[in-house]
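The data block below is my_file16.tsv; it holds TSV, C-alpha atoms.
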chain	number	residue	atom	x	y	z
X	54	MET	CA	134.10	108.80	115.62
X	55	LYS	CA	135.95	106.13	113.61
X	56	ILE	CA	139.32	107.67	114.50
X	57	ILE	CA	138.55	107.49	118.22
X	58	ARG	CA	137.52	103.85	117.92
X	59	LEU	CA	140.72	103.00	116.07
X	60	VAL	CA	142.84	104.70	118.70
X	61	LEU	CA	140.98	102.98	121.52
X	62	ARG	CA	141.36	99.62	119.84
X	63	ALA	CA	145.09	100.15	119.37
X	64	GLN	CA	145.78	101.01	122.99
X	65	PRO	CA	145.16	97.56	124.54
X	66	ALA	CA	147.48	95.91	122.01
X	67	ASP	CA	150.15	98.50	122.76
X	68	ARG	CA	149.75	97.85	126.48
X	69	GLU	CA	150.01	94.09	125.91
X	70	GLU	CA	153.21	94.55	123.91
X	71	GLU	CA	154.61	96.75	126.67
X	72	LYS	CA	153.68	94.11	129.26
X	73	VAL	CA	155.44	91.37	127.29
X	74	ALA	CA	158.51	93.55	126.74
X	75	SER	CA	158.60	94.38	130.43
X	76	LYS	CA	158.42	90.70	131.43
X	77	LEU	CA	161.17	89.81	128.98
X	78	GLU	CA	163.33	92.63	130.32
X	79	MET	CA	162.70	91.59	133.94
X	80	ASN	CA	163.60	88.00	133.15
X	81	SER	CA	166.79	89.08	131.38
X	82	ILE	CA	167.82	90.86	134.56
X	83	ARG	CA	167.11	87.72	136.60
X	84	GLU	CA	168.69	85.42	134.05
X	85	ASP	CA	172.02	85.20	135.85
X	86	ALA	CA	170.52	85.13	139.33
X	87	VAL	CA	171.13	82.08	141.47
X	88	LEU	CA	168.03	79.92	141.58
X	89	GLN	CA	166.74	79.21	145.05
X	90	LEU	CA	163.50	77.48	145.90
X	91	ASN	CA	161.94	78.47	149.20
X	92	GLU	CA	161.13	75.16	150.86
X	93	ALA	CA	159.13	76.74	153.70
X	94	GLU	CA	156.83	78.58	151.27
X	95	ILE	CA	156.35	75.51	149.12
X	96	LEU	CA	155.57	73.32	152.14
X	97	ALA	CA	153.08	75.93	153.36
X	98	ARG	CA	151.20	75.56	150.06
X	99	LEU	CA	151.21	71.79	150.60
X	100	ASP	CA	150.03	71.95	154.24
X	101	GLY	CA	153.47	70.81	155.41
X	102	ASP	CA	153.30	67.48	153.58
X	103	CYS	CA	156.97	66.54	152.97
X	104	GLN	CA	156.04	63.29	151.23
X	105	LEU	CA	153.84	65.14	148.78
X	106	LEU	CA	156.64	67.62	148.10
X	107	ALA	CA	159.09	64.76	147.52
X	108	ASP	CA	156.66	63.09	145.13
X	109	LEU	CA	156.02	66.35	143.25
X	110	CYS	CA	159.76	66.93	142.90
X	111	ASP	CA	160.24	63.41	141.52
X	112	LEU	CA	157.36	63.86	139.09
X	113	SER	CA	158.61	67.28	137.99
X	114	LEU	CA	162.05	65.89	137.20
X	115	VAL	CA	160.45	63.40	134.82
X	116	GLU	CA	157.78	65.66	133.30
X	117	LEU	CA	159.64	68.97	132.98
X	118	PRO	CA	161.90	67.87	130.09
X	119	ARG	CA	158.87	66.39	128.30
X	120	MET	CA	156.91	69.59	128.73
X	121	ILE	CA	159.79	71.75	127.46
X	122	LYS	CA	160.12	69.43	124.45
X	123	SER	CA	156.38	69.74	123.79
X	124	LEU	CA	156.61	73.53	124.03
X	125	ALA	CA	159.54	73.54	121.60
X	126	GLU	CA	157.61	71.44	119.11
X	127	THR	CA	154.57	73.72	119.28
X	128	ILE	CA	156.72	76.81	118.80
X	129	LYS	CA	158.22	75.21	115.68
X	130	THR	CA	154.73	74.66	114.25
X	131	GLY	CA	153.83	78.31	114.85
X	132	GLU	CA	150.36	77.36	116.10
X	133	ALA	CA	149.64	80.05	118.65
X	134	THR	CA	146.82	78.16	120.36
X	135	ALA	CA	149.06	75.14	120.92
X	136	VAL	CA	151.90	77.37	122.19
X	137	HIS	CA	149.52	79.04	124.62
X	138	ARG	CA	148.29	75.67	125.88
X	139	ALA	CA	151.81	74.23	126.28
X	140	ALA	CA	153.15	77.36	128.02
X	141	HIS	CA	150.14	77.46	130.34
X	142	ARG	CA	150.51	73.78	131.22
X	143	LEU	CA	154.21	74.22	131.99
X	144	LYS	CA	153.57	77.37	134.03
X	145	GLY	CA	150.95	75.52	136.05
X	146	SER	CA	153.31	72.65	136.72
X	147	LEU	CA	156.01	75.02	137.91
X	148	SER	CA	153.60	77.03	140.06
X	149	ILE	CA	153.98	74.63	142.99
X	150	PHE	CA	157.55	75.91	143.31
X	151	GLY	CA	156.39	79.53	143.49
X	152	ARG	CA	156.97	82.39	141.06
X	153	VAL	CA	160.32	81.32	139.72
X	154	ALA	CA	161.97	83.41	137.02
X	155	HIS	CA	160.62	81.00	134.40
X	156	THR	CA	157.09	82.09	135.24
X	157	LEU	CA	157.65	85.47	133.62
X	158	ASP	CA	158.89	83.89	130.41
X	159	LEU	CA	155.93	81.52	130.29
X	160	GLU	CA	153.48	84.36	130.93
X	161	ALA	CA	155.11	86.31	128.12
X	162	LEU	CA	154.74	83.29	125.81
X	163	GLU	CA	151.06	82.98	126.74
X	164	GLU	CA	150.47	86.65	125.96
X	165	MET	CA	152.36	86.44	122.67
X	166	ALA	CA	150.30	83.42	121.68
X	167	LEU	CA	147.07	85.22	122.49
X	168	ARG	CA	148.20	88.06	120.22
X	169	GLN	CA	149.21	85.54	117.53
X	170	ASP	CA	152.76	87.00	117.54
X	171	LEU	CA	155.38	84.33	118.23
X	172	ALA	CA	158.37	86.24	116.86
X	173	GLN	CA	160.20	86.21	120.20
X	174	ALA	CA	159.10	82.70	121.20
X	175	PRO	CA	162.32	80.96	120.05
X	176	GLU	CA	164.38	83.37	122.18
X	177	ILE	CA	162.26	82.63	125.24
X	178	LEU	CA	162.40	78.89	124.59
X	179	SER	CA	166.18	79.09	124.35
X	180	ARG	CA	166.34	80.81	127.74
X	181	LEU	CA	164.01	78.22	129.29
X	182	GLU	CA	166.08	75.35	127.90
X	183	LYS	CA	169.30	77.00	129.07
X	184	HIS	CA	168.07	77.18	132.65
X	185	LEU	CA	166.37	73.78	132.73
X	186	ASP	CA	169.43	72.04	134.19
X	187	GLU	CA	169.80	74.63	136.95
X	188	PHE	CA	166.13	74.46	137.84
X	189	SER	CA	166.11	70.64	137.73
X	190	ALA	CA	169.12	70.55	140.06
X	191	ALA	CA	167.30	72.81	142.53
X	192	VAL	CA	164.18	70.63	142.35
X	193	ALA	CA	166.28	67.46	142.80
X	194	ALA	CA	167.95	68.94	145.89
X	195	LEU	CA	164.58	69.95	147.30
X	196	GLY	CA	163.21	66.46	146.61
X	197	LYS	CA	166.22	64.87	148.31
X	198	GLN	CA	165.66	67.02	151.43
X	199	SER	CA	161.99	66.14	151.47
X	200	HIS	CA	162.70	62.41	151.07
X	201	ALA	CA	165.20	62.61	153.94
X	202	ARG	CA	162.59	64.26	156.17
X	203	THR	CA	159.96	61.63	155.38
X	204	ASP	CA	162.47	58.80	155.95
X	205	ARG	CA	163.18	60.11	159.46
X	206	ARG	CA	159.53	59.89	160.44

Any chance you could give the structure as structure tokens?
Amino acid sequence: MKIIRLVLRAQPADREEEKVASKLEMNSIREDAVLQLNEAEILARLDGDCQLLADLCDLSLVELPRMIKSLAETIKTGEATAVHRAAHRLKGSLSIFGRVAHTLDLEALEEMALRQDLAQAPEILSRLEKHLDEFSAAVAALGKQSHARTDRR
């Protein structure tokens, strides 16, 4: 009976590791993809409010670097609970823009933190930091379009 319990306990952890590995692999494939934000989908989530979208873009451009810095600091400390919290907060902030490639990395970080295994966290952080400029440029362009639309009204 003990053997069966040990095997059953090991399976969920194995599945979680497979899930994280799969997300990391999927994000590596998307790593070189051109980032495009779907304005129509984002506006649909905001009930068509261009001013709100413009404001969220402006806010994101200020907060995103701070949130990445906070995530980096928590990864350096190795405190899994803090990493989970920082990754979750960043993922939530990005969610307004849809499931961008960064979402998979942040989900993987959350899962690693829950398992108390942050061995791959620096690699993920590096990828997030690398693509921050590209993502920020896409958000800035989206914000500019939204500002232009609200100015015409």

Exercise. Check the smallest atom-to-atom distance from each of X:Asp170, X:Gly131, X:Leu109, X:Arg205 to Val192 (chain X) using all atoms listed in the file, then report the winner.
Key: X:Leu109

Practice problem: Fewer than 5 positions away in the same chain doesn't count, so skip those; otherwise give me all residues within 12 Å of Leu112 (chain X), counting all atoms listed in the file, as a ChimeraX atom specification. | Solution: /X:105-107,117-120,146-147,149,189,192-193,196

Quiz item: How many Å separate CA of Ala191 (chain X) from CA of Ala140 (chain X)?
Solution: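 According to the coordinates, CA of Ala191 (chain X) and CA of Ala140 (chain X) are separated by 20.8 Å.
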
What are the centre and the three edge lengths of an axis-aligned box that wraps all atoms of region 143-148 of chain X in the file, given that 4 Å is added to every side, written as lines of an AutoDock Vina configuration file and rounded to one decimal in Å?
center_x = 153.5
center_y = 75.0
center_z = 136.0
size_x = 13.1
size_y = 12.7
size_z = 16.1

Within 10 Å of Ala201 (chain X), counting only C-alpha atoms, which residues qualify if same-chain residues fewer than 6 places away don't, as a CSV table (one decimal) with C-alpha atoms, in the frame of the given file?
chain,number,residue,atom,x,y,z
X,103,CYS,CA,157.0,66.5,153.0
X,104,GLN,CA,156.0,63.3,151.2
X,107,ALA,CA,159.1,64.8,147.5
X,195,LEU,CA,164.6,70.0,147.3

Quiz prompt | Minimum-distance residue to His155 (chain X), chosen among X:Arg142, X:Leu185, X:Lys129, X:Ala135 (using all atoms listed in the file) | solution =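 Closest residue, counting all atoms listed in the file: X:Leu185.
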
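In this structure, CA of Glu132 (chain X) sits 14.8 Å away from CA of Leu178 (chain X).
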
Self-check item: Coordinates-based distance that separates CA of Cys110 (chain X) from CA of Glu160 (chain X) (Å, one decimal)
Solution: 22.1 Å

Practice problem: Find, counting all atoms listed in the file, the residue in X:Ile121, X:Ile95, X:Leu171, X:Leu114 that gets nearest to Lys183 (chain X). | Solution: X:Ile121

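Proximity to Ala139 (chain X) was assessed for X:Gln169, X:Thr156, X:Ser113, X:Ser123 counting only C-alpha atoms; the smallest distance is recorded for X:Ser123.
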
Practice problem: Go through X:Ala133, X:Ala190, X:Val115, X:Leu143 and flag the residue nearest Met165 (chain X), using only C-alpha atoms for the distances. | Solution: X:Ala133

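Among the candidates X:Pro175, X:Gly151, X:Gly145, X:Gly101, the residue lying nearest to Thr127 (chain X) is X:Pro175 (atoms considered: all atoms listed in the file).
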